[in-house]
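Remarks on the structure that follows.
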Amino acid sequence: MAVENFNINIEHEFNQFLQNKTFPDWILKLKTSSFECLKKLPFVSKSMESWRKIPLSNFDLQKILEPYSIAKPTVQNGSFQSFVELSLLDGENKQTVQNLLDSILKKNEFNFFVLLNLCFFKNAYYLKICEAHQKQNIKISYTFPESNTGFMPLTIFQIDKFISCSITEEIIADTNKEISFINPFTYIQLDDSSNIKYYSLEKFNSSAFHIRKIQTEQKKDSSLQLGYFNLGGYRGKTFIENNMMGEGSFFELIGTSLPIKREFQDVECQVNHLASKTTSSLKFKSVLKDKSHHVFTGNLFIPKESKQVKAAQVNNNLVLHKTARAESMPKLEVFAEDVSCSHGATMGEVEKDQLFYLCSRGLTENEARYLIVQGFLNEIIDKIDSEGLSGEIWNFLLNKLNT
């Protein structure tokens with residue numbers, strides 16, 4: 001049934017879900033507490049600020065709550081004994097993750113889709129990165145099973161003090177289904193003086209309806225570069241939330257999106273400077289084709305207690321067809337003094353003179369457009385600390401550009 005007629009018996013669906021799978025008592029308690037929060041909330045609607053742009057017609061929640069399975073994700077570049085399914089945790093790790101999940105639930109008690117994930121995840125994974133993983137490049141890959149309609153992976157990363165490494169989390173959904181739903185939730189906690197590069201790759205086809213949240217917490221003197229690369233999907237809404245809890249922490253968001261056809265992508269970033277002497281930088285670029293639509297919202301919050309804060313955000317959009325549409329919405333809540341904040345947004349088209357010049361040098365029009373797009377996105381892709389990963393993203397973007 002469609003969103004407009006949202007009256008399914010979600011309690012019945014939840015009870016059926018619990019009957020079909022056995023969970024440890026502590027996970028069952030988390031799911032039950034999450035459901036108590038979920039059932040108090042209305043379904044999202046255009047009357048809500050964060051949801052007023054995304055088209056929700058014909059979204060059938062009933063179908064996505066049908067039983068689904070998820071294979072254990074593959075982990076490359078290392079063997080991690082600490083990468084385990086939540087239900088298999090014991091001892092100190094179990095208590096640590098239990099406390100983390102209780103905190104996550106409290107922070108997201110009004111977020112419908114995070115609660116939905118916490119209620120209905122079948123498998124969730126925890127990766128503790130410690131001295132043994134120093135300076136490694138870790139890649140975790142989830143693949144949407146062909147038999148599924150809904151897919152809700154939950155992943156928790158906990159980074160020890162003084163650790164420096166790179167993490168790539170890849171979610172692949174190349175299904176032939178008419179419509180599929182993907183609702184991942186990722187939580188990353190950085191301890192003091194850790195230095196992490198985290199890259200999220202979403203490889204979806206044009207039938208994927210996806211809702212995503214990435215939530216991060218940084219302690220003193222930690223550094224996080226978060227790269228978000230949306231490489232497809234029918235309609236999508238992504239929330240990226242960064243909380244700088246310790247002095248001296250640094251956060252950088254880089255990202256690209258290339259919607260085509262009638263795809264709709266909405267990226268909303270919330271940066272909370274909850275400590276003094278913190279710095280953030282947001283740089284997001286989108287390239288739009290056909291009748292696609294992209295929205296970027298940059299939310300910044302600096303309370304009066306935070307001093308000597310620096311924050312900047314820039315969103316650039318390149319429109320390849322006049323029928324495509326891009327929107328940029330910076331939102332700043334600054335209550336402190338002694339801060340430096342800036343924001344900017346641009347929207348442009350490929351100039352005919354540029355195309356003519358490149359074509360006159362022997363390039364086809366498609367080759368010329370790709371060269372212009374490459375020049376536009378280079379600033380973002382060049383920041384990726386992995387030649388293999390940047391090459392993989394370029395190849396995917398090129399194939400999509402030629403679709």
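Following the order of the structure tokens, first chain is A, next is B, and so on, with residues numbered from 1 inside each chain and ligands from 1 in the order they appear.
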Contacts of Asn15 (chain A) at 10 Å (only C-alpha atoms; same-chain gap of 5+ positions) as a ChimeraX atom specification: /A:10,20,32
Using N, CA and C atoms, can you export the residues from the last selection as a PDB file, in the first residue's frame?
ATOM      1  N   ILE A  10       1.919  -2.255  11.659  1.00  0.00           N
ATOM      2  CA  ILE A  10       3.369  -2.426  11.784  1.00  0.00           C
ATOM      3  C   ILE A  10       3.725  -3.305  12.982  1.00  0.00           C
ATOM      4  N   ASN A  20      10.354 -15.159  13.163  1.00  0.00           N
ATOM      5  CA  ASN A  20      11.090 -15.839  12.101  1.00  0.00           C
ATOM      6  C   ASN A  20      12.596 -15.873  12.327  1.00  0.00           C
ATOM      7  N   THR A  32      13.098  -4.223  20.639  1.00  0.00           N
ATOM      8  CA  THR A  32      11.822  -3.893  21.277  1.00  0.00           C
ATOM      9  C   THR A  32      11.778  -2.420  21.677  1.00  0.00           C
TER      10      THR A  32
END
So which residues touch region 22-28 of chain A within 12 Å, counting only C-alpha atoms, skipping near sequence neighbours fewer than 2 positions away, as a PDB file with N, CA and C atoms, in the first residue's frame?
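Once everything was written out, this is part00.pdb:
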ATOM      1  N   PHE A  14       6.203  -6.504  12.875  1.00  0.00           N
ATOM      2  CA  PHE A  14       7.345  -6.617  13.775  1.00  0.00           C
ATOM      3  C   PHE A  14       7.315  -7.950  14.523  1.00  0.00           C
ATOM      4  N   ASN A  15       6.156  -8.328  15.020  1.00  0.00           N
ATOM      5  CA  ASN A  15       6.036  -9.599  15.739  1.00  0.00           C
ATOM      6  C   ASN A  15       6.328 -10.785  14.822  1.00  0.00           C
ATOM      7  N   GLN A  16       5.856 -10.698  13.580  1.00  0.00           N
ATOM      8  CA  GLN A  16       6.139 -11.754  12.611  1.00  0.00           C
ATOM      9  C   GLN A  16       7.640 -11.859  12.352  1.00  0.00           C
ATOM     10  N   PHE A  17       8.273 -10.707  12.273  1.00  0.00           N
ATOM     11  CA  PHE A  17       9.719 -10.667  12.033  1.00  0.00           C
ATOM     12  C   PHE A  17      10.469 -11.358  13.165  1.00  0.00           C
ATOM     13  N   LEU A  18      10.091 -11.063  14.412  1.00  0.00           N
ATOM     14  CA  LEU A  18      10.777 -11.659  15.555  1.00  0.00           C
ATOM     15  C   LEU A  18      10.543 -13.159  15.636  1.00  0.00           C
ATOM     16  N   GLN A  19       9.387 -13.609  15.183  1.00  0.00           N
ATOM     17  CA  GLN A  19       9.093 -15.043  15.214  1.00  0.00           C
ATOM     18  C   GLN A  19       9.947 -15.826  14.226  1.00  0.00           C
ATOM     19  N   ASN A  20      10.354 -15.159  13.163  1.00  0.00           N
ATOM     20  CA  ASN A  20      11.090 -15.839  12.101  1.00  0.00           C
ATOM     21  C   ASN A  20      12.596 -15.873  12.327  1.00  0.00           C
ATOM     22  N   LEU A  30      17.020  -4.345  22.465  1.00  0.00           N
ATOM     23  CA  LEU A  30      17.256  -3.176  21.614  1.00  0.00           C
ATOM     24  C   LEU A  30      16.148  -3.034  20.583  1.00  0.00           C
ATOM     25  N   LYS A  31      15.799  -4.123  19.924  1.00  0.00           N
ATOM     26  CA  LYS A  31      14.765  -4.074  18.896  1.00  0.00           C
ATOM     27  C   LYS A  31      13.411  -3.678  19.488  1.00  0.00           C
ATOM     28  N   THR A  32      13.098  -4.223  20.639  1.00  0.00           N
ATOM     29  CA  THR A  32      11.822  -3.893  21.277  1.00  0.00           C
ATOM     30  C   THR A  32      11.778  -2.420  21.677  1.00  0.00           C
ATOM     31  N   SER A  33      12.866  -1.915  22.238  1.00  0.00           N
ATOM     32  CA  SER A  33      12.925  -0.494  22.611  1.00  0.00           C
ATOM     33  C   SER A  33      12.835   0.395  21.378  1.00  0.00           C
ATOM     34  N   SER A  34      13.499  -0.022  20.298  1.00  0.00           N
ATOM     35  CA  SER A  34      13.443   0.746  19.051  1.00  0.00           C
ATOM     36  C   SER A  34      12.026   0.770  18.502  1.00  0.00           C
ATOM     37  N   PHE A  35      11.355  -0.368  18.595  1.00  0.00           N
ATOM     38  CA  PHE A  35       9.990  -0.427  18.073  1.00  0.00           C
ATOM     39  C   PHE A  35       9.045   0.447  18.891  1.00  0.00           C
ATOM     40  N   GLU A  85      29.534 -10.562  13.616  1.00  0.00           N
ATOM     41  CA  GLU A  85      28.107 -10.289  13.680  1.00  0.00           C
ATOM     42  C   GLU A  85      27.737  -9.975  15.128  1.00  0.00           C
ATOM     43  N   LEU A  86      26.846  -9.008  15.318  1.00  0.00           N
ATOM     44  CA  LEU A  86      26.498  -8.568  16.668  1.00  0.00           C
ATOM     45  C   LEU A  86      26.015  -9.719  17.540  1.00  0.00           C
ATOM     46  N   SER A  87      25.244 -10.623  16.958  1.00  0.00           N
ATOM     47  CA  SER A  87      24.658 -11.709  17.746  1.00  0.00           C
ATOM     48  C   SER A  87      25.714 -12.674  18.292  1.00  0.00           C
ATOM     49  N   LEU A  88      26.951 -12.607  17.763  1.00  0.00           N
ATOM     50  CA  LEU A  88      28.019 -13.502  18.211  1.00  0.00           C
ATOM     51  C   LEU A  88      28.953 -12.849  19.221  1.00  0.00           C
ATOM     52  N   LEU A  89      28.710 -11.586  19.545  1.00  0.00           N
ATOM     53  CA  LEU A  89      29.571 -10.884  20.495  1.00  0.00           C
ATOM     54  C   LEU A  89      29.408 -11.445  21.900  1.00  0.00           C
ATOM     55  N   ASP A  90      30.493 -11.373  22.666  1.00  0.00           N
ATOM     56  CA  ASP A  90      30.413 -11.751  24.073  1.00  0.00           C
ATOM     57  C   ASP A  90      31.402 -10.909  24.866  1.00  0.00           C
ATOM     58  N   LYS A  94      30.801  -7.234  23.722  1.00  0.00           N
ATOM     59  CA  LYS A  94      29.335  -7.224  23.763  1.00  0.00           C
ATOM     60  C   LYS A  94      28.832  -6.039  24.578  1.00  0.00           C
ATOM     61  N   GLN A  95      29.422  -5.804  25.755  1.00  0.00           N
ATOM     62  CA  GLN A  95      28.980  -4.699  26.603  1.00  0.00           C
ATOM     63  C   GLN A  95      29.266  -3.355  25.948  1.00  0.00           C
ATOM     64  N   VAL A  97      29.433  -2.682  22.675  1.00  0.00           N
ATOM     65  CA  VAL A  97      28.489  -2.466  21.577  1.00  0.00           C
ATOM     66  C   VAL A  97      27.082  -2.230  22.111  1.00  0.00           C
ATOM     67  N   GLN A  98      26.732  -2.915  23.164  1.00  0.00           N
ATOM     68  CA  GLN A  98      25.415  -2.703  23.772  1.00  0.00           C
ATOM     69  C   GLN A  98      25.273  -1.254  24.231  1.00  0.00           C
ATOM     70  N   ASN A  99      26.309  -0.723  24.870  1.00  0.00           N
ATOM     71  CA  ASN A  99      26.281   0.679  25.303  1.00  0.00           C
ATOM     72  C   ASN A  99      26.215   1.623  24.108  1.00  0.00           C
ATOM     73  N   LEU A 101      24.928   0.974  21.121  1.00  0.00           N
ATOM     74  CA  LEU A 101      23.601   0.895  20.507  1.00  0.00           C
ATOM     75  C   LEU A 101      22.547   1.613  21.343  1.00  0.00           C
ATOM     76  N   ASP A 102      22.679   1.535  22.659  1.00  0.00           N
ATOM     77  CA  ASP A 102      21.758   2.287  23.522  1.00  0.00           C
ATOM     78  C   ASP A 102      21.902   3.783  23.264  1.00  0.00           C
ATOM     79  N   LEU A 118      16.959  -0.399  13.042  1.00  0.00           N
ATOM     80  CA  LEU A 118      17.234  -1.049  14.322  1.00  0.00           C
ATOM     81  C   LEU A 118      16.195  -2.117  14.650  1.00  0.00           C
ATOM     82  N   CYS A 119      14.962  -1.904  14.222  1.00  0.00           N
ATOM     83  CA  CYS A 119      13.901  -2.888  14.462  1.00  0.00           C
ATOM     84  C   CYS A 119      14.047  -4.112  13.574  1.00  0.00           C
ATOM     85  N   PHE A 120      14.354  -3.887  12.305  1.00  0.00           N
ATOM     86  CA  PHE A 120      14.216  -4.950  11.317  1.00  0.00           C
ATOM     87  C   PHE A 120      15.537  -5.468  10.740  1.00  0.00           C
ATOM     88  N   PHE A 121      16.690  -5.022  11.263  1.00  0.00           N
ATOM     89  CA  PHE A 121      17.914  -5.618  10.732  1.00  0.00           C
ATOM     90  C   PHE A 121      17.957  -7.096  11.118  1.00  0.00           C
ATOM     91  N   LYS A 122      18.407  -7.911  10.166  1.00  0.00           N
ATOM     92  CA  LYS A 122      18.583  -9.336  10.444  1.00  0.00           C
ATOM     93  C   LYS A 122      20.017  -9.637  10.847  1.00  0.00           C
ATOM     94  N   ASN A 123      20.937  -8.942  10.231  1.00  0.00           N
ATOM     95  CA  ASN A 123      22.355  -9.128  10.535  1.00  0.00           C
ATOM     96  C   ASN A 123      22.991  -7.756  10.710  1.00  0.00           C
ATOM     97  N   ALA A 124      23.832  -7.625  11.722  1.00  0.00           N
ATOM     98  CA  ALA A 124      24.547  -6.373  11.943  1.00  0.00           C
ATOM     99  C   ALA A 124      25.986  -6.723  12.305  1.00  0.00           C
TER     100      ALA A 124
END
Please report the interatomic distance between CA of Leu226 (chain A) and CA of Lys161 (chain A) in Å with one decimal.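 That distance, rounded to one decimal, is 18.3 Å.
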Taking only region 138-257 of chain A into account, list the residues labelled strand (DSSP E) by DSSP (computed from the backbone), as number ranges by chain. A: 138-143, 150-151, 154-159, 164-173, 180-182, 185-190, 195-204, 208-218, 223-230, 235-244, 250-257
Since we have the selection now, will you write its residues out, keeping C-alpha atoms, as a PDB file, in the first residue's frame?
ATOM      1  CA  ILE A 138      40.002  -1.996   4.671  1.00  0.00           C
ATOM      2  CA  LYS A 139      37.161  -2.643   2.241  1.00  0.00           C
ATOM      3  CA  ILE A 140      33.773  -4.007   3.263  1.00  0.00           C
ATOM      4  CA  SER A 141      31.266  -4.898   0.583  1.00  0.00           C
ATOM      5  CA  TYR A 142      27.534  -5.626   0.946  1.00  0.00           C
ATOM      6  CA  THR A 143      25.601  -7.054  -1.995  1.00  0.00           C
ATOM      7  CA  GLY A 150      14.233  -4.823   1.348  1.00  0.00           C
ATOM      8  CA  PHE A 151      17.812  -4.585   2.580  1.00  0.00           C
ATOM      9  CA  LEU A 154      23.793  -2.077  10.131  1.00  0.00           C
ATOM     10  CA  THR A 155      27.539  -1.536  10.589  1.00  0.00           C
ATOM     11  CA  ILE A 156      29.417  -0.113  13.579  1.00  0.00           C
ATOM     12  CA  PHE A 157      33.059   0.993  13.403  1.00  0.00           C
ATOM     13  CA  GLN A 158      34.966   1.752  16.602  1.00  0.00           C
ATOM     14  CA  ILE A 159      38.409   3.300  16.128  1.00  0.00           C
ATOM     15  CA  SER A 164      45.414   5.755  11.122  1.00  0.00           C
ATOM     16  CA  CYS A 165      43.705   3.761   8.369  1.00  0.00           C
ATOM     17  CA  SER A 166      41.368   3.848   5.385  1.00  0.00           C
ATOM     18  CA  ILE A 167      37.913   2.221   5.263  1.00  0.00           C
ATOM     19  CA  THR A 168      35.741   1.710   2.197  1.00  0.00           C
ATOM     20  CA  GLU A 169      32.150   0.568   2.694  1.00  0.00           C
ATOM     21  CA  GLU A 170      30.545  -0.521  -0.563  1.00  0.00           C
ATOM     22  CA  ILE A 171      26.857  -1.321  -1.036  1.00  0.00           C
ATOM     23  CA  ILE A 172      25.893  -2.923  -4.345  1.00  0.00           C
ATOM     24  CA  ALA A 173      22.326  -3.308  -5.594  1.00  0.00           C
ATOM     25  CA  SER A 180      13.911  -2.338  -4.264  1.00  0.00           C
ATOM     26  CA  PHE A 181      14.433  -0.634  -0.909  1.00  0.00           C
ATOM     27  CA  ILE A 182      17.814  -0.098   0.752  1.00  0.00           C
ATOM     28  CA  PHE A 185      22.836   2.677   8.845  1.00  0.00           C
ATOM     29  CA  THR A 186      26.525   3.191   9.619  1.00  0.00           C
ATOM     30  CA  TYR A 187      27.960   4.461  12.901  1.00  0.00           C
ATOM     31  CA  ILE A 188      31.613   5.486  13.270  1.00  0.00           C
ATOM     32  CA  GLN A 189      33.263   6.422  16.574  1.00  0.00           C
ATOM     33  CA  LEU A 190      36.787   7.881  16.549  1.00  0.00           C
ATOM     34  CA  ASN A 195      43.062   9.644  11.677  1.00  0.00           C
ATOM     35  CA  ILE A 196      40.494   7.922   9.458  1.00  0.00           C
ATOM     36  CA  LYS A 197      39.545   8.131   5.812  1.00  0.00           C
ATOM     37  CA  TYR A 198      36.119   6.583   5.299  1.00  0.00           C
ATOM     38  CA  TYR A 199      34.623   6.197   1.827  1.00  0.00           C
ATOM     39  CA  SER A 200      31.029   5.189   1.162  1.00  0.00           C
ATOM     40  CA  LEU A 201      30.247   3.822  -2.312  1.00  0.00           C
ATOM     41  CA  GLU A 202      26.657   3.234  -3.347  1.00  0.00           C
ATOM     42  CA  LYS A 203      26.353   1.323  -6.622  1.00  0.00           C
ATOM     43  CA  PHE A 204      22.625   1.193  -7.268  1.00  0.00           C
ATOM     44  CA  ALA A 208      16.615   1.363  -5.986  1.00  0.00           C
ATOM     45  CA  PHE A 209      14.734   3.493  -3.453  1.00  0.00           C
ATOM     46  CA  HIS A 210      17.373   4.191  -0.811  1.00  0.00           C
ATOM     47  CA  ILE A 211      17.446   5.925   2.566  1.00  0.00           C
ATOM     48  CA  ARG A 212      20.870   6.169   4.203  1.00  0.00           C
ATOM     49  CA  LYS A 213      22.288   7.548   7.427  1.00  0.00           C
ATOM     50  CA  ILE A 214      25.968   7.808   8.322  1.00  0.00           C
ATOM     51  CA  GLN A 215      26.506   9.045  11.884  1.00  0.00           C
ATOM     52  CA  THR A 216      29.953   9.856  13.263  1.00  0.00           C
ATOM     53  CA  GLU A 217      31.407  10.923  16.604  1.00  0.00           C
ATOM     54  CA  GLN A 218      34.891  12.364  17.017  1.00  0.00           C
ATOM     55  CA  SER A 223      40.612  13.624  12.005  1.00  0.00           C
ATOM     56  CA  LEU A 224      37.963  12.208   9.680  1.00  0.00           C
ATOM     57  CA  GLN A 225      37.742  12.510   5.933  1.00  0.00           C
ATOM     58  CA  LEU A 226      34.353  11.169   4.849  1.00  0.00           C
ATOM     59  CA  GLY A 227      33.880  10.542   1.150  1.00  0.00           C
ATOM     60  CA  TYR A 228      30.326   9.908  -0.023  1.00  0.00           C
ATOM     61  CA  PHE A 229      29.904   8.710  -3.599  1.00  0.00           C
ATOM     62  CA  ASN A 230      26.377   8.010  -4.751  1.00  0.00           C
ATOM     63  CA  ARG A 235      15.090   7.965  -5.459  1.00  0.00           C
ATOM     64  CA  GLY A 236      17.275   8.523  -2.449  1.00  0.00           C
ATOM     65  CA  LYS A 237      17.740  10.492   0.748  1.00  0.00           C
ATOM     66  CA  THR A 238      21.072  10.445   2.584  1.00  0.00           C
ATOM     67  CA  PHE A 239      21.760  11.910   6.021  1.00  0.00           C
ATOM     68  CA  ILE A 240      25.365  12.471   7.070  1.00  0.00           C
ATOM     69  CA  GLU A 241      25.735  13.588  10.687  1.00  0.00           C
ATOM     70  CA  ASN A 242      29.069  14.518  12.229  1.00  0.00           C
ATOM     71  CA  ASN A 243      29.510  15.308  15.922  1.00  0.00           C
ATOM     72  CA  MET A 244      32.819  16.822  16.988  1.00  0.00           C
ATOM     73  CA  PHE A 250      38.790  17.957  12.129  1.00  0.00           C
ATOM     74  CA  PHE A 251      36.059  16.807   9.736  1.00  0.00           C
ATOM     75  CA  GLU A 252      36.108  16.898   5.946  1.00  0.00           C
ATOM     76  CA  LEU A 253      33.239  15.803   3.708  1.00  0.00           C
ATOM     77  CA  ILE A 254      33.912  15.203   0.034  1.00  0.00           C
ATOM     78  CA  GLY A 255      31.380  13.736  -2.342  1.00  0.00           C
ATOM     79  CA  THR A 256      29.937  13.406  -5.811  1.00  0.00           C
ATOM     80  CA  SER A 257      26.669  12.353  -7.360  1.00  0.00           C
TER      81      SER A 257
END
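Atom to atom, CA of Pro330 (chain A) and CA of Lys219 (chain A) stand 25.6 Å apart.
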Please report, as an mmCIF file with N, CA and C atoms, in the first residue's frame, each residue of region 65-269 of chain A to which DSSP assigns alpha helix (DSSP H) when run on this structure's backbone.
data_model
loop_
_atom_site.group_PDB
_atom_site.id
_atom_site.type_symbol
_atom_site.label_atom_id
_atom_site.label_comp_id
_atom_site.auth_asym_id
_atom_site.auth_seq_id
_atom_site.Cartn_x
_atom_site.Cartn_y
_atom_site.Cartn_z
ATOM 1 N N GLY A 91 31.352 -11.028 26.170
ATOM 2 C CA GLY A 91 32.308 -10.366 27.041
ATOM 3 C C GLY A 91 32.326 -8.853 26.915
ATOM 4 N N GLU A 92 33.540 -8.295 26.925
ATOM 5 C CA GLU A 92 33.719 -6.845 26.920
ATOM 6 C C GLU A 92 33.198 -6.208 25.639
ATOM 7 N N ASN A 93 33.451 -6.856 24.494
ATOM 8 C CA ASN A 93 32.969 -6.303 23.228
ATOM 9 C C ASN A 93 31.446 -6.217 23.195
ATOM 10 N N LYS A 94 30.801 -7.234 23.722
ATOM 11 C CA LYS A 94 29.335 -7.224 23.763
ATOM 12 C C LYS A 94 28.832 -6.039 24.578
ATOM 13 N N GLN A 95 29.422 -5.804 25.755
ATOM 14 C CA GLN A 95 28.980 -4.699 26.603
ATOM 15 C C GLN A 95 29.266 -3.355 25.948
ATOM 16 N N THR A 96 30.420 -3.248 25.283
ATOM 17 C CA THR A 96 30.773 -2.009 24.580
ATOM 18 C C THR A 96 29.757 -1.687 23.498
ATOM 19 N N VAL A 97 29.433 -2.682 22.675
ATOM 20 C CA VAL A 97 28.489 -2.466 21.577
ATOM 21 C C VAL A 97 27.082 -2.230 22.111
ATOM 22 N N GLN A 98 26.732 -2.915 23.164
ATOM 23 C CA GLN A 98 25.415 -2.703 23.772
ATOM 24 C C GLN A 98 25.273 -1.254 24.231
ATOM 25 N N ASN A 99 26.309 -0.723 24.870
ATOM 26 C CA ASN A 99 26.281 0.679 25.303
ATOM 27 C C ASN A 99 26.215 1.623 24.108
ATOM 28 N N LEU A 100 26.974 1.299 23.048
ATOM 29 C CA LEU A 100 26.945 2.112 21.832
ATOM 30 C C LEU A 100 25.548 2.140 21.219
ATOM 31 N N LEU A 101 24.928 0.974 21.121
ATOM 32 C CA LEU A 101 23.601 0.895 20.507
ATOM 33 C C LEU A 101 22.547 1.613 21.343
ATOM 34 N N ASP A 102 22.679 1.535 22.659
ATOM 35 C CA ASP A 102 21.758 2.287 23.522
ATOM 36 C C ASP A 102 21.902 3.783 23.264
ATOM 37 N N SER A 103 23.152 4.235 23.095
ATOM 38 C CA SER A 103 23.403 5.647 22.794
ATOM 39 C C SER A 103 22.866 6.016 21.414
ATOM 40 N N ILE A 104 23.067 5.130 20.429
ATOM 41 C CA ILE A 104 22.559 5.369 19.074
ATOM 42 C C ILE A 104 21.043 5.492 19.083
ATOM 43 N N LEU A 105 20.380 4.612 19.807
ATOM 44 C CA LEU A 105 18.918 4.665 19.892
ATOM 45 C C LEU A 105 18.455 5.983 20.497
ATOM 46 N N LYS A 106 19.122 6.419 21.552
ATOM 47 C CA LYS A 106 18.737 7.673 22.200
ATOM 48 C C LYS A 106 18.899 8.855 21.257
ATOM 49 N N LYS A 107 19.984 8.849 20.463
ATOM 50 C CA LYS A 107 20.247 9.957 19.539
ATOM 51 C C LYS A 107 19.306 9.954 18.337
ATOM 52 N N PHE A 112 12.741 8.097 11.810
ATOM 53 C CA PHE A 112 11.908 6.961 11.423
ATOM 54 C C PHE A 112 12.728 5.837 10.802
ATOM 55 N N PHE A 113 13.605 6.166 9.857
ATOM 56 C CA PHE A 113 14.277 5.111 9.107
ATOM 57 C C PHE A 113 15.449 4.493 9.861
ATOM 58 N N VAL A 114 16.086 5.221 10.769
ATOM 59 C CA VAL A 114 17.087 4.588 11.633
ATOM 60 C C VAL A 114 16.397 3.611 12.576
ATOM 61 N N LEU A 115 15.272 4.021 13.133
ATOM 62 C CA LEU A 115 14.509 3.118 13.998
ATOM 63 C C LEU A 115 14.040 1.889 13.228
ATOM 64 N N LEU A 116 13.619 2.101 11.988
ATOM 65 C CA LEU A 116 13.196 0.977 11.151
ATOM 66 C C LEU A 116 14.353 -0.005 10.961
ATOM 67 N N ASN A 117 15.548 0.526 10.749
ATOM 68 C CA ASN A 117 16.735 -0.318 10.619
ATOM 69 C C ASN A 117 17.003 -1.088 11.909
ATOM 70 N N LEU A 118 16.959 -0.399 13.042
ATOM 71 C CA LEU A 118 17.234 -1.049 14.322
ATOM 72 C C LEU A 118 16.195 -2.117 14.650
ATOM 73 N N CYS A 119 14.962 -1.904 14.222
ATOM 74 C CA CYS A 119 13.901 -2.888 14.462
ATOM 75 C C CYS A 119 14.047 -4.112 13.574
ATOM 76 N N PHE A 120 14.354 -3.887 12.305
ATOM 77 C CA PHE A 120 14.216 -4.950 11.317
ATOM 78 C C PHE A 120 15.537 -5.468 10.740
#
Between CA of Glu247 (chain A) and CA of Phe296 (chain A), what is the spacing in Å?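 Rounded to one decimal, the two atoms are 27.8 Å apart.
For the residues A:Val295, A:Val314, A:Val319, A:Leu288, ranking by smallest atom-to-atom distance to Met347 (chain A) using only C-alpha atoms places A:Val319 first.
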